[in-house]
$ cat work-v6.cif   # mmCIF, C-alpha atoms
data_run
loop_
_atom_site.label_atom_id
_atom_site.label_comp_id
_atom_site.auth_asym_id
_atom_site.auth_seq_id
_atom_site.Cartn_x
_atom_site.Cartn_y
_atom_site.Cartn_z
CA MET P 1 14.13 255.11 29.21
CA ASP P 2 16.34 256.66 26.53
CA LYS P 3 14.84 258.52 23.57
CA LEU P 4 15.18 255.75 21.01
CA THR P 5 13.72 253.11 23.33
CA HIS P 6 10.82 255.46 24.01
CA TYR P 7 10.20 256.08 20.29
CA ARG P 8 10.26 252.33 19.56
CA ALA P 9 7.79 251.69 22.38
CA CYS P 10 5.48 254.47 21.12
CA VAL P 11 5.43 253.20 17.54
CA GLN P 12 4.79 249.60 18.60
CA LYS P 13 2.04 250.69 21.02
CA LEU P 14 0.33 252.81 18.36
CA LEU P 15 0.40 250.02 15.76
CA THR P 16 -0.80 247.43 18.27
CA GLU P 17 -3.71 249.67 19.24
CA HIS P 18 -4.65 250.26 15.60
CA SER P 19 -4.46 246.51 14.95
CA HIS P 20 -7.56 246.11 17.14
CA PHE P 21 -9.70 248.45 15.03
CA LYS P 22 -10.45 245.89 12.36
CA ASN P 23 -11.28 242.33 13.19
CA ALA P 24 -9.55 239.47 11.54
CA THR P 25 -11.89 237.25 9.56
CA ASP P 26 -11.48 233.65 8.53
CA ASP P 27 -9.59 234.73 5.45
CA VAL P 28 -8.12 238.19 6.15
CA GLU P 29 -5.49 238.66 8.79
CA THR P 30 -4.42 241.85 10.57
CA LEU P 31 -0.69 241.44 10.77
CA LEU P 32 1.93 243.27 12.84
CA CYS P 33 5.45 243.25 11.44
CA PHE P 34 8.12 244.68 13.76
CA ASP P 35 11.74 244.53 12.61
CA THR P 36 13.37 245.83 15.77
CA GLU P 37 16.86 245.36 14.36
CA ARG P 38 16.35 247.53 11.24
CA ASP P 39 13.63 249.65 12.90
CA HIS P 40 10.79 249.03 10.45
CA TYR P 41 7.29 248.74 11.91
CA GLN P 42 4.12 247.91 9.97
CA LEU P 43 0.49 247.04 10.36
CA MET P 44 -0.85 245.09 7.37
CA ARG P 45 -4.01 243.41 6.12
CA VAL P 46 -3.37 240.19 4.23
CA GLY P 47 -5.67 237.50 2.92
CA TRP P 48 -8.69 236.90 0.73
CA GLN P 49 -12.27 238.19 0.67
CA ARG P 50 -13.93 235.53 -1.44
CA LEU P 51 -12.03 235.92 -4.75
CA HIS P 52 -10.61 239.36 -3.99
CA ARG P 53 -7.01 239.55 -2.78
CA VAL P 54 -6.50 241.79 0.25
CA TYR P 55 -2.90 242.90 0.56
CA HIS P 56 -1.90 246.31 1.84
CA THR P 57 0.06 248.10 4.50
CA VAL P 58 -2.27 250.08 6.75
CA LEU P 59 0.44 251.94 8.69
CA HIS P 60 4.21 251.94 8.42
CA PHE P 61 6.83 253.71 10.52
CA ASP P 62 10.61 253.60 10.29
CA ILE P 63 13.01 254.94 12.89
CA ARG P 64 16.28 256.36 11.61
CA ASP P 65 18.69 258.91 13.00
CA ALA P 66 16.49 259.20 16.11
CA GLN P 67 13.54 260.35 14.00
CA VAL P 68 10.25 258.53 13.42
CA TRP P 69 9.35 258.39 9.72
CA LEU P 70 5.73 257.87 8.71
CA GLN P 71 5.91 255.95 5.43
CA GLN P 72 2.31 254.85 4.94
CA ASN P 73 -1.06 255.76 6.43
CA THR P 74 -4.26 254.44 4.86
CA THR P 75 -6.34 255.24 7.96
CA ASP P 76 -8.32 258.39 8.76
CA SER P 77 -6.28 258.83 11.95
CA ASP P 78 -3.80 261.64 12.49
CA VAL P 79 -1.07 259.32 13.69
CA GLY P 80 1.49 262.13 13.71
CA GLN P 81 -0.61 263.88 16.35
CA GLU P 82 -0.97 260.58 18.24
CA LEU P 83 2.83 260.32 18.43
CA VAL P 84 3.05 263.94 19.61
CA GLU P 85 0.56 263.15 22.37
CA MET P 86 2.81 260.24 23.38
CA GLY P 87 5.62 262.72 23.93
CA ILE P 88 7.54 262.69 20.65
CA PRO P 89 8.45 266.22 19.55
CA LYS P 90 7.25 267.24 16.08
CA GLU P 91 10.79 267.83 14.81
CA ASP P 92 11.53 264.14 15.47
CA ILE P 93 8.61 263.02 13.26
CA VAL P 94 9.07 263.09 9.48
CA LEU P 95 6.12 262.64 7.12
CA GLY P 96 7.92 260.50 4.57
CA LEU P 97 4.69 260.07 2.63
CA HIS P 98 4.93 263.73 1.64
CA PRO P 99 7.55 264.59 -1.00
CA PRO P 100 10.75 266.08 0.41
CA TYR P 101 10.02 269.63 -0.84
CA LYS P 102 6.73 269.72 1.11
CA ARG P 103 8.07 268.51 4.44
CA PRO P 104 9.36 271.86 5.75
CA TYR P 105 5.74 273.12 5.50
CA THR P 106 4.05 270.19 7.29
CA GLY P 107 4.74 271.44 10.80
CA TYR P 108 6.71 268.24 11.35
CA GLY P 109 10.41 267.47 10.99
CA VAL P 110 12.75 267.12 8.04
CA LYS P 111 15.48 264.54 7.74
CA VAL P 112 18.59 265.27 9.69
CA SER P 113 21.02 262.99 7.89
CA SER P 114 22.32 262.53 4.38
CA GLU P 115 20.93 259.01 4.32
CA LEU P 116 18.24 257.81 1.96
CA CYS P 117 14.75 259.18 2.45
CA MET I 1 19.80 222.82 11.90
CA ASP I 2 16.14 222.11 12.60
CA LYS I 3 13.50 222.56 9.91
CA LEU I 4 12.15 225.91 11.07
CA THR I 5 15.62 227.42 11.49
CA HIS I 6 16.47 226.23 7.99
CA TYR I 7 13.28 227.73 6.49
CA ARG I 8 13.96 231.08 8.21
CA ALA I 9 17.51 231.11 6.91
CA CYS I 10 16.32 230.28 3.35
CA VAL I 11 13.72 233.04 3.28
CA GLN I 12 16.12 235.65 4.65
CA LYS I 13 18.84 234.57 2.21
CA LEU I 14 16.46 234.73 -0.76
CA LEU I 15 15.18 238.21 0.17
CA THR I 16 18.68 239.51 0.83
CA GLU I 17 19.83 238.26 -2.58
CA HIS I 18 16.84 239.85 -4.31
CA SER I 19 17.52 243.12 -2.48
CA HIS I 20 20.70 243.49 -4.57
CA PHE I 21 18.86 243.33 -7.89
CA LYS I 22 17.72 246.93 -7.78
CA ASN I 23 20.00 249.70 -6.66
CA ALA I 24 18.93 252.20 -4.09
CA THR I 25 18.88 255.75 -5.41
CA ASP I 26 19.10 258.99 -3.49
CA ASP I 27 15.39 258.95 -2.93
CA VAL I 28 14.23 255.33 -3.20
CA GLU I 29 15.36 252.75 -0.70
CA THR I 30 15.38 248.97 -0.98
CA LEU I 31 14.29 247.89 2.45
CA LEU I 32 14.46 244.51 4.18
CA CYS I 33 11.96 243.96 6.97
CA PHE I 34 12.46 240.76 9.00
CA ASP I 35 10.18 240.16 11.98
CA THR I 36 11.82 237.03 13.33
CA GLU I 37 9.46 236.87 16.31
CA ARG I 38 6.23 236.80 14.26
CA ASP I 39 7.93 235.24 11.21
CA HIS I 40 7.09 237.92 8.63
CA TYR I 41 9.74 238.68 6.01
CA GLN I 42 9.56 241.38 3.36
CA LEU I 43 11.54 243.16 0.71
CA MET I 44 10.16 246.63 -0.04
CA ARG I 45 10.85 249.70 -2.18
CA VAL I 46 10.11 252.96 -0.42
CA GLY I 47 10.80 256.57 -1.35
CA TRP I 48 10.23 259.17 -4.04
CA GLN I 49 11.04 259.40 -7.74
CA ARG I 50 10.77 263.14 -8.24
CA LEU I 51 7.10 263.74 -7.38
CA HIS I 52 6.02 260.11 -7.68
CA ARG I 53 5.67 258.11 -4.46
CA VAL I 54 7.30 254.68 -4.57
CA TYR I 55 5.84 252.38 -1.96
CA HIS I 56 5.36 248.67 -2.50
CA THR I 57 6.29 245.27 -1.21
CA VAL I 58 8.41 243.40 -3.76
CA LEU I 59 8.41 240.03 -1.98
CA HIS I 60 6.78 238.84 1.21
CA PHE I 61 6.98 235.50 3.01
CA ASP I 62 5.41 234.38 6.26
CA ILE I 63 6.29 231.20 8.15
CA ARG I 64 3.48 229.53 10.05
CA ASP I 65 2.90 225.98 11.15
CA ALA I 66 6.26 225.02 9.66
CA GLN I 67 5.14 226.16 6.20
CA VAL I 68 6.52 229.04 4.14
CA TRP I 69 3.72 231.24 2.78
CA LEU I 70 4.39 233.41 -0.27
CA GLN I 71 2.16 236.46 0.23
CA GLN I 72 3.48 238.83 -2.43
CA ASN I 73 5.69 238.58 -5.50
CA THR I 74 6.00 241.50 -7.92
CA THR I 75 9.15 240.09 -9.52
CA ASP I 76 9.49 237.85 -12.58
CA SER I 77 11.31 235.28 -10.48
CA ASP I 78 9.87 231.89 -9.60
CA VAL I 79 10.68 232.22 -5.92
CA GLY I 80 8.76 229.05 -5.06
CA GLN I 81 11.20 227.13 -7.23
CA GLU I 82 14.12 229.00 -5.64
CA LEU I 83 12.95 227.77 -2.21
CA VAL I 84 12.61 224.22 -3.54
CA GLU I 85 16.19 224.41 -4.81
CA MET I 86 17.25 225.48 -1.31
CA GLY I 87 15.80 222.24 0.03
CA ILE I 88 12.28 223.18 1.11
CA PRO I 89 9.75 220.54 0.01
CA LYS I 90 6.86 221.80 -2.14
CA GLU I 91 4.25 220.70 0.40
CA ASP I 92 5.82 223.09 2.92
CA ILE I 93 5.43 226.07 0.56
CA VAL I 94 1.98 227.67 0.25
CA LEU I 95 1.21 230.20 -2.49
CA GLY I 96 -0.91 232.52 -0.37
CA LEU I 97 -1.22 234.91 -3.29
CA HIS I 98 -3.45 232.36 -5.01
CA PRO I 99 -6.99 232.01 -3.65
CA PRO I 100 -7.49 229.01 -1.36
CA TYR I 101 -9.54 227.02 -3.91
CA LYS I 102 -6.67 227.16 -6.42
CA ARG I 103 -3.88 226.06 -4.11
CA PRO I 104 -4.42 222.29 -4.38
CA TYR I 105 -3.72 222.66 -8.12
CA THR I 106 -0.52 224.75 -7.87
CA GLY I 107 1.80 221.82 -7.23
CA TYR I 108 2.66 223.46 -3.91
CA GLY I 109 1.25 222.96 -0.42
CA VAL I 110 -2.05 223.84 1.21
CA LYS I 111 -2.42 225.11 4.74
CA VAL I 112 -2.18 222.46 7.40
CA SER I 113 -3.86 224.29 10.28
CA SER I 114 -7.18 225.93 11.00
CA GLU I 115 -5.45 229.27 11.47
CA LEU I 116 -6.00 232.34 9.31
CA CYS I 117 -4.82 232.20 5.74
#

$ encode --input "work-v6.cif" --output "structure tokens"
Amino acid sequence: MDKLTHYRACVQKLLTEHSHFKNATDDVETLLCFDTERDHYQLMRVGWQRLHRVYHTVLHFDIRDAQVWLQQNTTDSDVGQELVEMGIPKEDIVLGLHPPYKRPYTGYGVKVSSELC
Amino acid sequence: MDKLTHYRACVQKLLTEHSHFKNATDDVETLLCFDTERDHYQLMRVGWQRLHRVYHTVLHFDIRDAQVWLQQNTTDSDVGQELVEMGIPKEDIVLGLHPPYKRPYTGYGVKVSSELC
């Protein structure tokens, strides 16, 4: 399995596992959104709790330039560490939810390209 | 073109058009996320404006049971009407961002199945 295929499999496996942590109810859905063409991967909660709208992204990863970007994490889980334990080196994980100036001090990677962050 | 193929094409076209309304900057990306397998379609803004995190879904549609569900709309655009003008009948559009009790009074559809809303 090449590196990119492995990273895609890891991200999808992690999100699928986390999707089991919270049960769907009649009115709130746990939703997986995998755009394998553009390499965007999300776990969301969408629906209604009585009159309260539930709409948020629980976890979101992007893959770009052979790096996995963590864009959103509203869980208590250290998903960066989970990816490391799946065999992704820290320099290939970028904590996009930290501002760019902080990333060199996170112990994880920084972006390798001149593309948008 | 069958109905479902047409609805998918409409939703993707609408989101792609709206993705041009706001320019990407060096640090904030306009992101299209199309999960054509699970039928989730989003337009997002993700990045940083100096030290301010930008992370939100601008527009989000799901397709289920041959109905187009509007799950999020942070624009001023009447995207329901835009879908109608593309040829989708109102009863096949559900405004999921309104609570279920309100939907019969929106002029749009209500869910046809017993699945999650």

$ closest_residue --input "work-v6.cif" --among "I:Thr57, I:Gln81, I:Thr106, I:Ser19" --to "chain P" --atoms "only C-alpha atoms"
I:Thr57

$ resolve_selection --input "work-v6.cif" --expression "the PyMOL selection byres ((chain I) within 10 of (chain P))" --output "number ranges by chain"
I: 24-42, 46-57, 71-72, 96-101, 114-117

$ resolve_selection --input "work-v6.cif" --expression "the PyMOL selection byres ((chain I and resi 107) around 10)" --output "list in words"
Lys90, Glu91, Ile93, Val94, Leu95, Arg103, Pro104, Tyr105, Thr106, Tyr108, Gly109 and Val110 of chain I

$ axis_aligned_box --input "work-v6.cif" --around "stretch 66-85 of chain I" --padding-each-side "5 Å" --output "lines of an AutoDock Vina configuration file"
center_x = 9.2
center_y = 232.9
center_z = -1.5
size_x = 24.0
size_y = 27.3
size_z = 32.2

$ calpha_fit_and_write --input "work-v6.cif" --fixed "chain P" --moving "chain I" --output "mmCIF file with C-alpha atoms, in the coordinates of the input"
data_model
loop_
_atom_site.group_PDB
_atom_site.id
_atom_site.type_symbol
_atom_site.label_atom_id
_atom_site.label_comp_id
_atom_site.auth_asym_id
_atom_site.auth_seq_id
_atom_site.Cartn_x
_atom_site.Cartn_y
_atom_site.Cartn_z
ATOM 1 C CA MET I 1 14.140 255.163 29.197
ATOM 2 C CA ASP I 2 16.353 256.680 26.516
ATOM 3 C CA LYS I 3 14.868 258.531 23.554
ATOM 4 C CA LEU I 4 15.197 255.751 20.994
ATOM 5 C CA THR I 5 13.737 253.120 23.326
ATOM 6 C CA HIS I 6 10.827 255.457 24.006
ATOM 7 C CA TYR I 7 10.202 256.085 20.279
ATOM 8 C CA ARG I 8 10.257 252.326 19.562
ATOM 9 C CA ALA I 9 7.806 251.682 22.368
ATOM 10 C CA CYS I 10 5.479 254.472 21.111
ATOM 11 C CA VAL I 11 5.423 253.194 17.541
ATOM 12 C CA GLN I 12 4.794 249.597 18.595
ATOM 13 C CA LYS I 13 2.060 250.683 21.018
ATOM 14 C CA LEU I 14 0.338 252.810 18.368
ATOM 15 C CA LEU I 15 0.398 250.012 15.765
ATOM 16 C CA THR I 16 -0.793 247.424 18.266
ATOM 17 C CA GLU I 17 -3.716 249.661 19.249
ATOM 18 C CA HIS I 18 -4.645 250.257 15.609
ATOM 19 C CA SER I 19 -4.468 246.510 14.951
ATOM 20 C CA HIS I 20 -7.579 246.100 17.135
ATOM 21 C CA PHE I 21 -9.691 248.463 15.041
ATOM 22 C CA LYS I 22 -10.430 245.912 12.355
ATOM 23 C CA ASN I 23 -11.285 242.348 13.185
ATOM 24 C CA ALA I 24 -9.551 239.479 11.523
ATOM 25 C CA THR I 25 -11.908 237.271 9.544
ATOM 26 C CA ASP I 26 -11.472 233.666 8.520
ATOM 27 C CA ASP I 27 -9.594 234.729 5.450
ATOM 28 C CA VAL I 28 -8.129 238.178 6.141
ATOM 29 C CA GLU I 29 -5.499 238.662 8.793
ATOM 30 C CA THR I 30 -4.426 241.831 10.573
ATOM 31 C CA LEU I 31 -0.694 241.439 10.763
ATOM 32 C CA LEU I 32 1.912 243.272 12.837
ATOM 33 C CA CYS I 33 5.434 243.253 11.448
ATOM 34 C CA PHE I 34 8.111 244.681 13.772
ATOM 35 C CA ASP I 35 11.732 244.535 12.630
ATOM 36 C CA THR I 36 13.376 245.833 15.780
ATOM 37 C CA GLU I 37 16.873 245.361 14.357
ATOM 38 C CA ARG I 38 16.338 247.530 11.251
ATOM 39 C CA ASP I 39 13.628 249.652 12.918
ATOM 40 C CA HIS I 40 10.787 249.024 10.453
ATOM 41 C CA TYR I 41 7.281 248.740 11.901
ATOM 42 C CA GLN I 42 4.127 247.899 9.981
ATOM 43 C CA LEU I 43 0.489 247.043 10.359
ATOM 44 C CA MET I 44 -0.855 245.092 7.376
ATOM 45 C CA ARG I 45 -4.025 243.405 6.117
ATOM 46 C CA VAL I 46 -3.375 240.197 4.230
ATOM 47 C CA GLY I 47 -5.694 237.495 2.927
ATOM 48 C CA TRP I 48 -8.703 236.890 0.713
ATOM 49 C CA GLN I 49 -12.265 238.194 0.642
ATOM 50 C CA ARG I 50 -13.902 235.518 -1.472
ATOM 51 C CA LEU I 51 -12.005 235.907 -4.761
ATOM 52 C CA HIS I 52 -10.591 239.351 -4.002
ATOM 53 C CA ARG I 53 -6.994 239.541 -2.772
ATOM 54 C CA VAL I 54 -6.497 241.784 0.254
ATOM 55 C CA TYR I 55 -2.905 242.896 0.565
ATOM 56 C CA HIS I 56 -1.894 246.309 1.836
ATOM 57 C CA THR I 57 0.057 248.102 4.494
ATOM 58 C CA VAL I 58 -2.271 250.087 6.760
ATOM 59 C CA LEU I 59 0.437 251.947 8.692
ATOM 60 C CA HIS I 60 4.202 251.947 8.428
ATOM 61 C CA PHE I 61 6.843 253.703 10.521
ATOM 62 C CA ASP I 62 10.613 253.598 10.286
ATOM 63 C CA ILE I 63 13.021 254.944 12.903
ATOM 64 C CA ARG I 64 16.285 256.361 11.626
ATOM 65 C CA ASP I 65 18.688 258.895 13.025
ATOM 66 C CA ALA I 66 16.491 259.205 16.108
ATOM 67 C CA GLN I 67 13.535 260.337 13.985
ATOM 68 C CA VAL I 68 10.243 258.523 13.424
ATOM 69 C CA TRP I 69 9.349 258.384 9.721
ATOM 70 C CA LEU I 70 5.719 257.864 8.715
ATOM 71 C CA GLN I 71 5.913 255.950 5.425
ATOM 72 C CA GLN I 72 2.306 254.854 4.951
ATOM 73 C CA ASN I 73 -1.069 255.753 6.425
ATOM 74 C CA THR I 74 -4.285 254.453 4.861
ATOM 75 C CA THR I 75 -6.342 255.252 7.960
ATOM 76 C CA ASP I 76 -8.316 258.402 8.783
ATOM 77 C CA SER I 77 -6.290 258.827 11.952
ATOM 78 C CA ASP I 78 -3.812 261.638 12.497
ATOM 79 C CA VAL I 79 -1.066 259.326 13.688
ATOM 80 C CA GLY I 80 1.497 262.138 13.711
ATOM 81 C CA GLN I 81 -0.607 263.869 16.343
ATOM 82 C CA GLU I 82 -0.982 260.580 18.238
ATOM 83 C CA LEU I 83 2.833 260.336 18.431
ATOM 84 C CA VAL I 84 3.057 263.950 19.605
ATOM 85 C CA GLU I 85 0.565 263.152 22.365
ATOM 86 C CA MET I 86 2.804 260.243 23.384
ATOM 87 C CA GLY I 87 5.629 262.716 23.930
ATOM 88 C CA ILE I 88 7.541 262.675 20.646
ATOM 89 C CA PRO I 89 8.461 266.213 19.542
ATOM 90 C CA LYS I 90 7.249 267.240 16.072
ATOM 91 C CA GLU I 91 10.790 267.822 14.808
ATOM 92 C CA ASP I 92 11.535 264.142 15.459
ATOM 93 C CA ILE I 93 8.610 263.010 13.276
ATOM 94 C CA VAL I 94 9.070 263.079 9.488
ATOM 95 C CA LEU I 95 6.117 262.624 7.127
ATOM 96 C CA GLY I 96 7.919 260.484 4.569
ATOM 97 C CA LEU I 97 4.689 260.067 2.638
ATOM 98 C CA HIS I 98 4.932 263.724 1.639
ATOM 99 C CA PRO I 99 7.543 264.594 -0.994
ATOM 100 C CA PRO I 100 10.747 266.087 0.421
ATOM 101 C CA TYR I 101 10.014 269.628 -0.839
ATOM 102 C CA LYS I 102 6.738 269.713 1.115
ATOM 103 C CA ARG I 103 8.069 268.515 4.450
ATOM 104 C CA PRO I 104 9.355 271.868 5.746
ATOM 105 C CA TYR I 105 5.750 273.117 5.506
ATOM 106 C CA THR I 106 4.042 270.194 7.298
ATOM 107 C CA GLY I 107 4.752 271.434 10.810
ATOM 108 C CA TYR I 108 6.712 268.222 11.353
ATOM 109 C CA GLY I 109 10.413 267.446 11.000
ATOM 110 C CA VAL I 110 12.736 267.113 8.032
ATOM 111 C CA LYS I 111 15.464 264.529 7.732
ATOM 112 C CA VAL I 112 18.588 265.303 9.681
ATOM 113 C CA SER I 113 21.050 263.039 7.871
ATOM 114 C CA SER I 114 22.333 262.536 4.359
ATOM 115 C CA GLU I 115 20.925 259.017 4.328
ATOM 116 C CA LEU I 116 18.200 257.773 2.000
ATOM 117 C CA CYS I 117 14.740 259.183 2.447
#

$ residues_around --input "work-v6.cif" --residues "P:Lys3" --least-positions-apart "2" --cutoff "10 Å" --atoms "only C-alpha atoms" --output "PyMOL selection string"
chain P and resi 1+5-9+66-67+88

$ write_last_selection --input "work-v6.cif" --atoms "C-alpha atoms" --output "PDB file, keeping the file's coordinate frame"
ATOM      1  CA  MET P   1      14.130 255.110  29.210  1.00  0.00           C
ATOM      2  CA  THR P   5      13.720 253.110  23.330  1.00  0.00           C
ATOM      3  CA  HIS P   6      10.820 255.460  24.010  1.00  0.00           C
ATOM      4  CA  TYR P   7      10.200 256.080  20.290  1.00  0.00           C
ATOM      5  CA  ARG P   8      10.260 252.330  19.560  1.00  0.00           C
ATOM      6  CA  ALA P   9       7.790 251.690  22.380  1.00  0.00           C
ATOM      7  CA  ALA P  66      16.490 259.200  16.110  1.00  0.00           C
ATOM      8  CA  GLN P  67      13.540 260.350  14.000  1.00  0.00           C
ATOM      9  CA  ILE P  88       7.540 262.690  20.650  1.00  0.00           C
TER      10      ILE P  88
END

$ atom_distance --input "work-v6.cif" --atom1 "atom CA of P:Val84" --atom2 "atom CA of P:Asn23"
26.7 Å

$ atom_distance --input "work-v6.cif" --atom1 "atom CA of P:Leu59" --atom2 "atom CA of I:Leu70"
21.0 Å

$ atom_distance --input "work-v6.cif" --atom1 "atom CA of I:Asp78" --atom2 "atom CA of I:Ile63"
18.1 Å
